[in-house]
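Colleague: Data: protein_12.pdb, PDB, C-alpha atoms.
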ATOM      1  CA  MET V 169       0.000   0.000   0.000
ATOM      2  CA  GLU V 170       1.325   3.413  -0.999
ATOM      3  CA  ALA V 171       1.734   5.884   1.887
ATOM      4  CA  LYS V 172      -0.616   8.863   1.856
ATOM      5  CA  LYS V 173       0.865  12.182   0.714
ATOM      6  CA  ILE V 174       0.413  14.780   3.426
ATOM      7  CA  PRO V 175      -0.014  18.491   2.564
ATOM      8  CA  GLU V 176       2.707  20.839   3.812
ATOM      9  CA  THR V 177       2.928  24.454   4.892
ATOM     10  CA  ILE V 178       5.912  26.718   4.285
ATOM     11  CA  LEU V 179       7.085  28.230   7.570
ATOM     12  CA  ASN V 180       8.453  31.779   7.854
ATOM     13  CA  SER V 181      11.918  30.159   7.964
ATOM     14  CA  GLY V 182      11.362  28.864   4.427
ATOM     15  CA  GLN V 183      11.177  25.241   5.627
ATOM     16  CA  LYS V 184       8.303  22.953   4.629
ATOM     17  CA  MET V 185       6.363  21.263   7.443
ATOM     18  CA  PRO V 186       3.779  18.453   7.027
ATOM     19  CA  LEU V 187       0.346  19.518   8.319
ATOM     20  CA  ILE V 188      -0.158  16.447  10.457
ATOM     21  CA  GLY V 189       2.405  15.055  12.864
ATOM     22  CA  MET V 190       2.721  11.979  15.029
ATOM     23  CA  GLY V 191       2.968  12.747  18.736
ATOM     24  CA  THR V 192       5.252  10.586  20.876
ATOM     25  CA  ALA V 193       4.260  11.540  24.433
ATOM     26  CA  ALA V 194       2.706   8.824  26.584
ATOM     27  CA  VAL V 195       2.299   8.329  30.340
ATOM     28  CA  PRO V 196       3.609   5.844  31.181
ATOM     29  CA  LEU V 197       5.990   5.642  28.227
ATOM     30  CA  PRO V 198       5.968   2.148  26.683
ATOM     31  CA  PRO V 199       9.303   0.286  26.531
ATOM     32  CA  PHE V 200      11.622   1.249  23.665
ATOM     33  CA  GLU V 201      11.180  -2.172  22.028
ATOM     34  CA  THR V 202       7.432  -1.443  21.850
ATOM     35  CA  LEU V 203       7.800   2.115  20.576
ATOM     36  CA  ILE V 204      10.323   1.517  17.787
ATOM     37  CA  PRO V 205       7.991  -0.681  15.652
ATOM     38  CA  ILE V 206       5.127   1.781  16.318
ATOM     39  CA  PHE V 207       7.185   4.609  14.802
ATOM     40  CA  ILE V 208       8.114   2.380  11.852
ATOM     41  CA  ASP V 209       4.390   1.612  11.348
ATOM     42  CA  ALA V 210       3.671   5.354  11.349
ATOM     43  CA  ILE V 211       6.309   6.020   8.677
ATOM     44  CA  GLU V 212       4.885   3.155   6.625
ATOM     45  CA  ALA V 213       1.377   4.652   6.956
ATOM     46  CA  GLY V 214       2.632   7.994   5.614
ATOM     47  CA  TYR V 215       3.584  10.105   8.656
ATOM     48  CA  ARG V 216       6.573  12.304   7.920
ATOM     49  CA  HIS V 217       6.398  14.694  10.891
ATOM     50  CA  PHE V 218       7.250  13.380  14.363
ATOM     51  CA  ASP V 219       6.920  15.436  17.536
ATOM     52  CA  THR V 220       9.070  14.593  20.545
ATOM     53  CA  ALA V 221      10.574  16.434  23.531
ATOM     54  CA  THR V 222      13.191  15.996  26.214
ATOM     55  CA  LEU V 223      10.358  15.692  28.737
ATOM     56  CA  TYR V 224       8.689  12.797  26.896
ATOM     57  CA  GLY V 225      11.687  10.449  27.022
ATOM     58  CA  SER V 226      10.865   9.337  23.469
ATOM     59  CA  GLU V 227      13.775  10.915  21.574
ATOM     60  CA  GLU V 228      15.957   7.802  21.668
ATOM     61  CA  PRO V 229      13.367   5.244  20.446
ATOM     62  CA  LEU V 230      12.206   7.707  17.780
ATOM     63  CA  GLY V 231      15.781   8.035  16.525
ATOM     64  CA  GLN V 232      16.105   4.264  16.418
ATOM     65  CA  GLY V 233      12.788   3.998  14.546
ATOM     66  CA  VAL V 234      14.025   6.510  11.962
ATOM     67  CA  ALA V 235      17.314   4.614  11.521
ATOM     68  CA  ARG V 236      15.420   1.339  11.060
ATOM     69  CA  ALA V 237      12.988   2.897   8.548
ATOM     70  CA  LEU V 238      15.983   4.043   6.496
ATOM     71  CA  GLN V 239      17.472   0.524   6.610
ATOM     72  CA  LEU V 240      14.135  -0.954   5.488
ATOM     73  CA  GLY V 241      13.893   1.534   2.617
ATOM     74  CA  LEU V 242      10.604   3.019   3.873
ATOM     75  CA  ILE V 243      12.236   6.401   3.344
ATOM     76  CA  LYS V 244      15.190   7.143   1.093
ATOM     77  CA  SER V 245      16.817   9.810   3.258
ATOM     78  CA  ARG V 246      16.565  11.710   6.544
ATOM     79  CA  LYS V 247      15.402  14.754   4.537
ATOM     80  CA  GLU V 248      12.016  13.106   3.962
ATOM     81  CA  LEU V 249      11.199  13.481   7.664
ATOM     82  CA  PHE V 250      10.381  16.529   9.768
ATOM     83  CA  ILE V 251      11.459  16.058  13.394
ATOM     84  CA  THR V 252      10.357  18.429  16.166
ATOM     85  CA  SER V 253      11.778  18.421  19.687
ATOM     86  CA  LYS V 254      11.510  20.775  22.639
ATOM     87  CA  LEU V 255      13.677  22.484  25.232
ATOM     88  CA  TRP V 256      12.601  21.597  28.765
ATOM     89  CA  CYS V 257      12.104  24.279  31.437
ATOM     90  CA  THR V 258      15.164  23.272  33.501
ATOM     91  CA  LYS V 259      17.294  24.088  30.446
ATOM     92  CA  ALA V 260      15.569  27.413  29.634
ATOM     93  CA  HIS V 261      18.698  29.312  30.684
ATOM     94  CA  HIS V 262      20.810  31.093  28.058
ATOM     95  CA  ASP V 263      23.901  28.923  28.577
ATOM     96  CA  LEU V 264      22.018  25.610  28.785
ATOM     97  CA  VAL V 265      20.018  25.808  25.531
ATOM     98  CA  LEU V 266      22.752  24.723  23.100
ATOM     99  CA  PRO V 267      23.999  21.842  25.312
ATOM    100  CA  ALA V 268      20.362  20.685  25.705
ATOM    101  CA  LEU V 269      19.854  20.588  21.927
ATOM    102  CA  LYS V 270      23.140  18.716  21.452
ATOM    103  CA  THR V 271      21.941  16.094  23.969
ATOM    104  CA  THR V 272      18.642  15.811  22.069
ATOM    105  CA  LEU V 273      20.501  15.294  18.776
ATOM    106  CA  GLN V 274      22.693  12.641  20.380
ATOM    107  CA  LYS V 275      19.606  10.760  21.621
ATOM    108  CA  LEU V 276      17.928  11.035  18.218
ATOM    109  CA  GLY V 277      21.108  10.068  16.390
ATOM    110  CA  LEU V 278      20.592  13.034  14.051
ATOM    111  CA  GLU V 279      22.705  15.977  12.886
ATOM    112  CA  TYR V 280      19.808  18.438  13.158
ATOM    113  CA  VAL V 281      16.144  18.774  14.114
ATOM    114  CA  ASP V 282      13.746  20.449  11.719
ATOM    115  CA  LEU V 283      12.064  22.385  14.526
ATOM    116  CA  TYR V 284      13.166  23.158  18.086
ATOM    117  CA  LEU V 285      10.615  24.683  20.451
ATOM    118  CA  ILE V 286      10.757  26.294  23.889
ATOM    119  CA  HIS V 287       8.380  23.875  25.616
ATOM    120  CA  TRP V 288       6.844  26.413  28.046
ATOM    121  CA  PRO V 289       7.310  30.117  28.832
ATOM    122  CA  VAL V 290       8.638  28.887  32.170
ATOM    123  CA  ARG V 291      12.105  28.597  33.691
ATOM    124  CA  LEU V 292      12.838  26.085  36.432
ATOM    125  CA  LYS V 293      15.886  25.870  38.661
ATOM    126  CA  PRO V 294      18.198  23.171  37.209
ATOM    127  CA  GLU V 295      17.874  21.079  40.388
ATOM    128  CA  ALA V 296      14.164  20.563  39.610
ATOM    129  CA  GLU V 297      15.214  18.005  36.969
ATOM    130  CA  ASP V 298      16.319  15.395  39.492
ATOM    131  CA  ALA V 299      13.825  16.233  42.235
ATOM    132  CA  ALA V 300      11.481  13.478  43.414
ATOM    133  CA  GLU V 301       8.611  15.963  43.708
ATOM    134  CA  PHE V 302       7.832  19.279  42.002
ATOM    135  CA  ARG V 303       7.981  22.366  44.228
ATOM    136  CA  LYS V 304       6.516  25.733  43.304
ATOM    137  CA  ASP V 305       9.687  27.518  44.414
ATOM    138  CA  TYR V 306      11.523  25.837  41.531
ATOM    139  CA  VAL V 307       9.793  28.333  39.177
ATOM    140  CA  ILE V 308      11.947  31.425  38.614
ATOM    141  CA  PRO V 309      11.448  34.423  36.275
ATOM    142  CA  PHE V 310      11.588  33.456  32.608
ATOM    143  CA  ASP V 311      14.470  35.043  30.681
ATOM    144  CA  ILE V 312      12.683  35.398  27.358
ATOM    145  CA  LYS V 313      15.425  37.532  25.768
ATOM    146  CA  GLY V 314      18.389  35.364  26.772
ATOM    147  CA  THR V 315      16.655  32.059  26.052
ATOM    148  CA  TRP V 316      15.535  33.190  22.606
ATOM    149  CA  GLU V 317      19.019  34.492  21.746
ATOM    150  CA  ALA V 318      20.365  31.002  22.458
ATOM    151  CA  MET V 319      17.585  29.454  20.339
ATOM    152  CA  GLU V 320      18.560  31.756  17.448
ATOM    153  CA  GLU V 321      22.150  30.586  17.784
ATOM    154  CA  CYS V 322      20.955  26.971  17.436
ATOM    155  CA  GLN V 323      19.341  27.882  14.108
ATOM    156  CA  ARG V 324      22.358  29.835  12.870
ATOM    157  CA  MET V 325      24.550  26.811  13.596
ATOM    158  CA  GLY V 326      22.229  24.609  11.523
ATOM    159  CA  LEU V 327      21.388  22.353  14.484
ATOM    160  CA  ALA V 328      17.739  23.412  14.198
ATOM    161  CA  LYS V 329      16.349  24.322  10.777
ATOM    162  CA  SER V 330      13.530  26.313  12.409
ATOM    163  CA  ILE V 331      12.859  27.487  15.958
ATOM    164  CA  GLY V 332       9.644  28.293  17.760
ATOM    165  CA  VAL V 333       7.671  28.256  20.979
ATOM    166  CA  SER V 334       5.009  26.199  22.698
ATOM    167  CA  ASN V 335       2.224  27.290  25.056
ATOM    168  CA  PHE V 336       2.935  31.004  24.488
ATOM    169  CA  GLY V 337       0.134  33.577  24.654
ATOM    170  CA  ILE V 338      -0.124  36.862  22.752
ATOM    171  CA  LYS V 339       1.715  39.033  25.317
ATOM    172  CA  LYS V 340       4.626  36.627  25.591
ATOM    173  CA  ILE V 341       5.039  36.344  21.820
ATOM    174  CA  THR V 342       4.848  40.145  21.553
ATOM    175  CA  SER V 343       7.581  40.453  24.174
ATOM    176  CA  LEU V 344       9.729  37.871  22.359
ATOM    177  CA  LEU V 345       9.333  39.659  19.017
ATOM    178  CA  GLU V 346      10.558  42.958  20.523
ATOM    179  CA  ASN V 347      14.079  41.512  20.765
ATOM    180  CA  ALA V 348      14.052  38.700  18.205
ATOM    181  CA  THR V 349      16.320  38.687  15.154
ATOM    182  CA  ILE V 350      14.684  35.455  13.977
ATOM    183  CA  PRO V 351      10.918  35.283  14.630
ATOM    184  CA  PRO V 352       9.415  32.023  15.925
ATOM    185  CA  ALA V 353       8.241  29.831  13.040
ATOM    186  CA  VAL V 354       5.678  27.900  15.105
ATOM    187  CA  ASN V 355       3.599  28.241  18.272
ATOM    188  CA  GLN V 356       2.453  24.799  19.398
ATOM    189  CA  VAL V 357      -0.536  25.093  21.715
ATOM    190  CA  GLU V 358      -3.525  23.208  23.064
ATOM    191  CA  MET V 359      -6.113  23.582  20.323
ATOM    192  CA  ASN V 360      -9.204  21.569  19.515
ATOM    193  CA  LEU V 361     -12.964  21.957  19.052
ATOM    194  CA  ALA V 362     -13.392  22.531  22.804
ATOM    195  CA  TRP V 363     -10.539  25.102  22.989
ATOM    196  CA  GLN V 364     -10.511  26.816  19.625
ATOM    197  CA  GLN V 365      -7.953  29.586  20.291
ATOM    198  CA  ALA V 366      -9.525  32.013  17.797
ATOM    199  CA  LYS V 367      -7.796  35.134  19.193
ATOM    200  CA  LEU V 368      -4.355  33.529  19.379
ATOM    201  CA  ARG V 369      -4.726  31.989  15.912
ATOM    202  CA  GLU V 370      -5.579  35.365  14.386
ATOM    203  CA  PHE V 371      -2.636  37.043  16.134
ATOM    204  CA  CYS V 372      -0.208  34.352  14.973
ATOM    205  CA  LYS V 373      -1.561  34.591  11.435
ATOM    206  CA  GLN V 374      -0.822  38.340  11.390
ATOM    207  CA  LYS V 375       2.718  37.665  12.636
ATOM    208  CA  ARG V 376       3.258  34.783  10.139
ATOM    209  CA  ILE V 377       3.713  32.292  12.983
ATOM    210  CA  HIS V 378       2.240  28.873  12.209
ATOM    211  CA  VAL V 379      -0.051  27.388  14.878
ATOM    212  CA  SER V 380       0.324  23.698  15.630
ATOM    213  CA  ALA V 381      -2.305  21.936  17.751
ATOM    214  CA  TRP V 382      -1.415  19.536  20.516
ATOM    215  CA  SER V 383      -4.257  17.506  22.062
ATOM    216  CA  PRO V 384      -6.328  17.983  18.868
ATOM    217  CA  LEU V 385      -8.860  15.489  20.258
ATOM    218  CA  GLY V 386      -8.799  16.904  23.809
ATOM    219  CA  ALA V 387      -6.406  14.228  25.155
ATOM    220  CA  TYR V 388      -9.377  11.868  25.194
ATOM    221  CA  LYS V 389      -9.048   8.779  27.430
ATOM    222  CA  THR V 390      -5.916  10.038  29.156
ATOM    223  CA  THR V 391      -5.676  10.535  32.923
ATOM    224  CA  TRP V 392      -5.599  14.328  32.556
ATOM    225  CA  GLY V 393      -7.641  14.867  29.378
ATOM    226  CA  SER V 394     -11.241  15.712  28.615
ATOM    227  CA  ASN V 395     -14.212  14.155  26.801
ATOM    228  CA  ALA V 396     -15.396  17.581  25.612
ATOM    229  CA  VAL V 397     -14.299  16.924  22.013
ATOM    230  CA  MET V 398     -14.870  13.217  21.470
ATOM    231  CA  GLU V 399     -18.206  13.096  23.290
ATOM    232  CA  SER V 400     -19.545  16.315  21.810
ATOM    233  CA  PRO V 401     -23.081  15.734  20.429
ATOM    234  CA  ILE V 402     -22.355  18.260  17.655
ATOM    235  CA  LEU V 403     -19.242  16.379  16.541
ATOM    236  CA  LYS V 404     -21.063  13.041  16.767
ATOM    237  CA  GLU V 405     -23.912  14.329  14.617
ATOM    238  CA  ILE V 406     -21.646  15.746  11.886
ATOM    239  CA  ALA V 407     -19.359  12.690  11.820
ATOM    240  CA  SER V 408     -22.351  10.372  11.529
ATOM    241  CA  ALA V 409     -23.901  12.386   8.694
ATOM    242  CA  ARG V 410     -20.551  12.467   6.883
ATOM    243  CA  HIS V 411     -19.755   8.768   7.456
ATOM    244  CA  LYS V 412     -16.444   9.828   8.952
ATOM    245  CA  THR V 413     -14.876   9.057  12.318
ATOM    246  CA  MET V 414     -15.130  11.790  14.949
ATOM    247  CA  SER V 415     -11.332  12.039  14.924
ATOM    248  CA  GLN V 416     -11.305  12.690  11.177
ATOM    249  CA  VAL V 417     -13.866  15.501  11.484
ATOM    250  CA  ALA V 418     -12.100  17.070  14.496
ATOM    251  CA  LEU V 419      -8.753  16.981  12.647
ATOM    252  CA  ARG V 420     -10.300  18.304   9.439
ATOM    253  CA  TRP V 421     -11.614  21.325  11.373
ATOM    254  CA  ILE V 422      -8.052  22.090  12.599
ATOM    255  CA  TYR V 423      -6.682  21.730   9.065
ATOM    256  CA  GLU V 424      -9.312  24.107   7.652
ATOM    257  CA  LYS V 425      -8.369  26.666  10.309
ATOM    258  CA  GLY V 426      -4.856  26.756   8.827
ATOM    259  CA  ALA V 427      -3.218  24.900  11.708
ATOM    260  CA  SER V 428      -1.398  21.571  11.833
ATOM    261  CA  ALA V 429      -2.310  18.773  14.235
ATOM    262  CA  ILE V 430      -0.088  16.571  16.387
ATOM    263  CA  VAL V 431      -2.039  13.332  16.722
ATOM    264  CA  LYS V 432      -1.115  10.499  19.029
ATOM    265  CA  SER V 433      -2.415   7.058  18.370
ATOM    266  CA  PHE V 434      -0.204   4.012  18.660
ATOM    267  CA  ASN V 435      -2.918   1.899  17.003
ATOM    268  CA  LYS V 436      -2.013   1.065  13.391
ATOM    269  CA  GLU V 437      -5.562   1.335  12.005
ATOM    270  CA  ARG V 438      -6.327   4.629  13.765
ATOM    271  CA  MET V 439      -3.004   6.012  12.538
ATOM    272  CA  LYS V 440      -4.196   5.420   8.971
ATOM    273  CA  GLN V 441      -7.713   6.757   9.681
ATOM    274  CA  ASN V 442      -6.294  10.010  11.059
ATOM    275  CA  LEU V 443      -4.548  10.661   7.742
ATOM    276  CA  ASP V 444      -7.803  10.319   5.810
ATOM    277  CA  MET V 445      -8.975  13.899   6.130
ATOM    278  CA  PHE V 446      -7.420  15.812   3.265
ATOM    279  CA  ASP V 447      -9.697  15.004   0.315
ATOM    280  CA  TRP V 448     -13.042  16.359   1.595
ATOM    281  CA  GLU V 449     -14.330  19.568   3.193
ATOM    282  CA  LEU V 450     -16.620  20.710   5.968
ATOM    283  CA  SER V 451     -19.535  22.894   4.925
ATOM    284  CA  GLN V 452     -19.910  26.434   6.234
ATOM    285  CA  GLU V 453     -22.969  25.301   8.180
ATOM    286  CA  GLU V 454     -21.014  22.491   9.863
ATOM    287  CA  THR V 455     -18.172  24.855  10.742
ATOM    288  CA  MET V 456     -20.667  27.307  12.285
ATOM    289  CA  LYS V 457     -22.152  24.524  14.426
ATOM    290  CA  PHE V 458     -18.734  23.957  15.991
ATOM    291  CA  THR V 459     -18.780  27.495  17.414
ATOM    292  CA  GLN V 460     -21.554  26.306  19.771
ATOM    293  CA  ILE V 461     -19.247  23.862  21.597
ATOM    294  CA  PRO V 462     -18.492  25.128  25.146
ATOM    295  CA  GLN V 463     -14.878  26.304  25.479
ATOM    296  CA  ARG V 464     -12.467  25.301  28.230
ATOM    297  CA  ARG V 465      -8.716  24.802  28.443
ATOM    298  CA  VAL V 466      -7.811  21.343  29.786
ATOM    299  CA  CYS V 467      -4.134  21.881  30.626
ATOM    300  CA  THR V 468      -4.083  24.861  33.005
ATOM    301  CA  ALA V 469      -0.475  24.286  34.213
ATOM    302  CA  GLU V 470      -1.425  25.404  37.724
ATOM    303  CA  ASP V 471       1.871  24.053  39.071
ATOM    304  CA  TYR V 472       3.642  27.075  37.576
ATOM    305  CA  VAL V 473       1.417  29.547  39.455
ATOM    306  CA  SER V 474       2.054  30.705  43.041
ATOM    307  CA  GLU V 475       1.802  33.834  45.172
ATOM    308  CA  ASP V 476       5.590  34.071  45.491
ATOM    309  CA  GLY V 477       6.481  33.019  41.926
ATOM    310  CA  PRO V 478       6.794  34.953  38.655
ATOM    311  CA  TYR V 479       3.217  33.961  37.679
ATOM    312  CA  LYS V 480       0.798  34.973  40.431
ATOM    313  CA  SER V 481      -2.323  33.794  38.583
ATOM    314  CA  LEU V 482      -3.464  31.684  35.649
ATOM    315  CA  GLU V 483      -4.360  34.955  33.890
ATOM    316  CA  GLU V 484      -0.694  36.001  34.059
ATOM    317  CA  LEU V 485       0.537  32.622  32.824
ATOM    318  CA  TRP V 486      -1.934  32.507  29.944
ATOM    319  CA  ASP V 487      -1.853  36.228  29.061
ATOM    320  CA  GLY V 488      -5.404  36.889  30.211
ATOM    321  CA  ASP V 489      -6.924  33.862  28.478
ATOM    322  CA  PRO V 490      -7.017  31.129  31.167
TER     323      PRO V 490
END
Would you mind writing the file out in structure tokens?
Modeller:
Amino acid sequence: MEAKKIPETILNSGQKMPLIGMGTAAVPLPPFETLIPIFIDAIEAGYRHFDTATLYGSEEPLGQGVARALQLGLIKSRKELFITSKLWCTKAHHDLVLPALKTTLQKLGLEYVDLYLIHWPVRLKPEAEDAAEFRKDYVIPFDIKGTWEAMEECQRMGLAKSIGVSNFGIKKITSLLENATIPPAVNQVEMNLAWQQAKLREFCKQKRIHVSAWSPLGAYKTTWGSNAVMESPILKEIASARHKTMSQVALRWIYEKGASAIVKSFNKERMKQNLDMFDWELSQEETMKFTQIPQRRVCTAEDYVSEDGPYKSLEELWDGDP
């Protein structure tokens, strides 16, 4: 079976990025010997964008999956893939950014990543990395200028083809742009039918920053997720009328909003189903119905908020859009 061709967007860096990506975060993370064949299955199904992060612990098995896919001839060269990874908060210090990316590349077994993101607009004391429990006093003021300067250096060195941010609101991006020489190519945020991010999407569009959606299905059936997307009566009704899965309709909506989606299914059949959403369209009436879905952010990141910390409220953390 021939792998599906996935549409791409051209980022402000000039790099092409596939508009659907395979997420690699899982709690608990399956053993490497389980993950490697899953990633090979995804490449075989047609996925060319893979999203990992230092925090996920999936960089090493992903790298091994890529190496194996090359050996098997599923892809002809590394250039056929788009690999995203992320800088964790304990490394969001000017002098720790480059070493962190080099460690990521070593784990992936790659010479560069296609996209490197600041995972959160949060800086943690380095000792938080090895702590048994998270403490709120680990959160210290975020050095947006210094951290971004180091990210720019990673791109100039060719270790990251594009750089960007994750979980940034409008005020934080505005602040970053005041000092940036290289603007962020991507802002990866929670976005789905139950948290549509209209304001942030419009702002990013004006600034030519591509929006990428994590939890495009609301992290359904996870310990921390929500059923607001996948048990929405509106979504059920439209999917049924269209003879599509609810996932396909939810992902199609994201695609039509000009964003890309990071999907995470380790099931081979669902992987293929999730790619089947590029050759049909939602009607204007169906799109309007989706505006009736109640809106609520699932991941509030309350751990980063405290009376004595740099973020005193969720409004401060999320730039007034908690």
Colleague: To one decimal place, how far is atom CA of V:Asn335 from atom CA of V:Thr455 in Å?
Modeller: 25.0 Å
Colleague: So that I can check the surroundings of V:Leu327, please list as a list in words every protein, DNA and RNA residue that reaches within 8 Å of it, counting all atoms listed in the file and ignoring chain neighbours fewer than 4 positions away.
Modeller: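 Once the adjacent positions are removed, what remains is Leu269, Glu279, Tyr280, Val281, Cys322 and Gln323 of chain V.
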Colleague: If you apply the PyMOL selection byres ((chain V and resi 462-466) around 7) to this file, what residues do you get, as JSON, numbers by chain?
Modeller: {"V": [362, 363, 393, 394, 460, 461, 467, 468]}
Colleague: Write out the residues from the selection above, keeping C-alpha atoms, as a compact mmCIF listing (two decimals), in the coordinates of the input.
Modeller:
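Produced file result-v7.txt, reproduced below:
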# COMPACT_ATOMS: atom_id res chain seq x y z
CA ALA V 362 -13.39 22.53 22.80
CA TRP V 363 -10.54 25.10 22.99
CA GLY V 393 -7.64 14.87 29.38
CA SER V 394 -11.24 15.71 28.62
CA GLN V 460 -21.55 26.31 19.77
CA ILE V 461 -19.25 23.86 21.60
CA CYS V 467 -4.13 21.88 30.63
CA THR V 468 -4.08 24.86 33.01
Colleague: Go through V:Ile422, V:Asp471, V:Phe446, V:Gln441 and flag the residue nearest V:Phe458, using only C-alpha atoms for the distances.
Modeller: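 The closest residue to V:Phe458 is V:Ile422.
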Colleague: Which residue gives the smallest distance to V:Ile308 among V:Val333, V:Ala418, V:Val354, V:Ala260, with all atoms listed in the file counted?
Modeller: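 Checking each of V:Val333, V:Ala418, V:Val354, V:Ala260 against V:Ile308, counting all atoms listed in the file, the winner is V:Ala260.
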Colleague: If the PyMOL selection byres ((chain V and resi 211-228) around 7) is run on the structure shown, which residues does it catch, given as a CSV table (one decimal) with C-alpha atoms, keeping the file's coordinate frame?
Modeller:
chain,number,residue,atom,x,y,z
V,171,ALA,CA,1.7,5.9,1.9
V,172,LYS,CA,-0.6,8.9,1.9
V,173,LYS,CA,0.9,12.2,0.7
V,186,PRO,CA,3.8,18.5,7.0
V,188,ILE,CA,-0.2,16.4,10.5
V,189,GLY,CA,2.4,15.1,12.9
V,190,MET,CA,2.7,12.0,15.0
V,191,GLY,CA,3.0,12.7,18.7
V,192,THR,CA,5.3,10.6,20.9
V,193,ALA,CA,4.3,11.5,24.4
V,207,PHE,CA,7.2,4.6,14.8
V,208,ILE,CA,8.1,2.4,11.9
V,209,ASP,CA,4.4,1.6,11.3
V,210,ALA,CA,3.7,5.4,11.3
V,229,PRO,CA,13.4,5.2,20.4
V,230,LEU,CA,12.2,7.7,17.8
V,231,GLY,CA,15.8,8.0,16.5
V,232,GLN,CA,16.1,4.3,16.4
V,242,LEU,CA,10.6,3.0,3.9
V,248,GLU,CA,12.0,13.1,4.0
V,249,LEU,CA,11.2,13.5,7.7
V,250,PHE,CA,10.4,16.5,9.8
V,251,ILE,CA,11.5,16.1,13.4
V,252,THR,CA,10.4,18.4,16.2
V,253,SER,CA,11.8,18.4,19.7
V,254,LYS,CA,11.5,20.8,22.6
V,255,LEU,CA,13.7,22.5,25.2
V,256,TRP,CA,12.6,21.6,28.8
V,272,THR,CA,18.6,15.8,22.1
V,275,LYS,CA,19.6,10.8,21.6
V,276,LEU,CA,17.9,11.0,18.2
V,440,LYS,CA,-4.2,5.4,9.0
Colleague: Which is closer to V:Lys184 than all the others in V:Ala296, V:Leu238, V:Ser330, V:Glu301, using only C-alpha atoms?
Modeller: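 Once distances to V:Lys184 are computed over only C-alpha atoms, the minimum belongs to V:Ser330.
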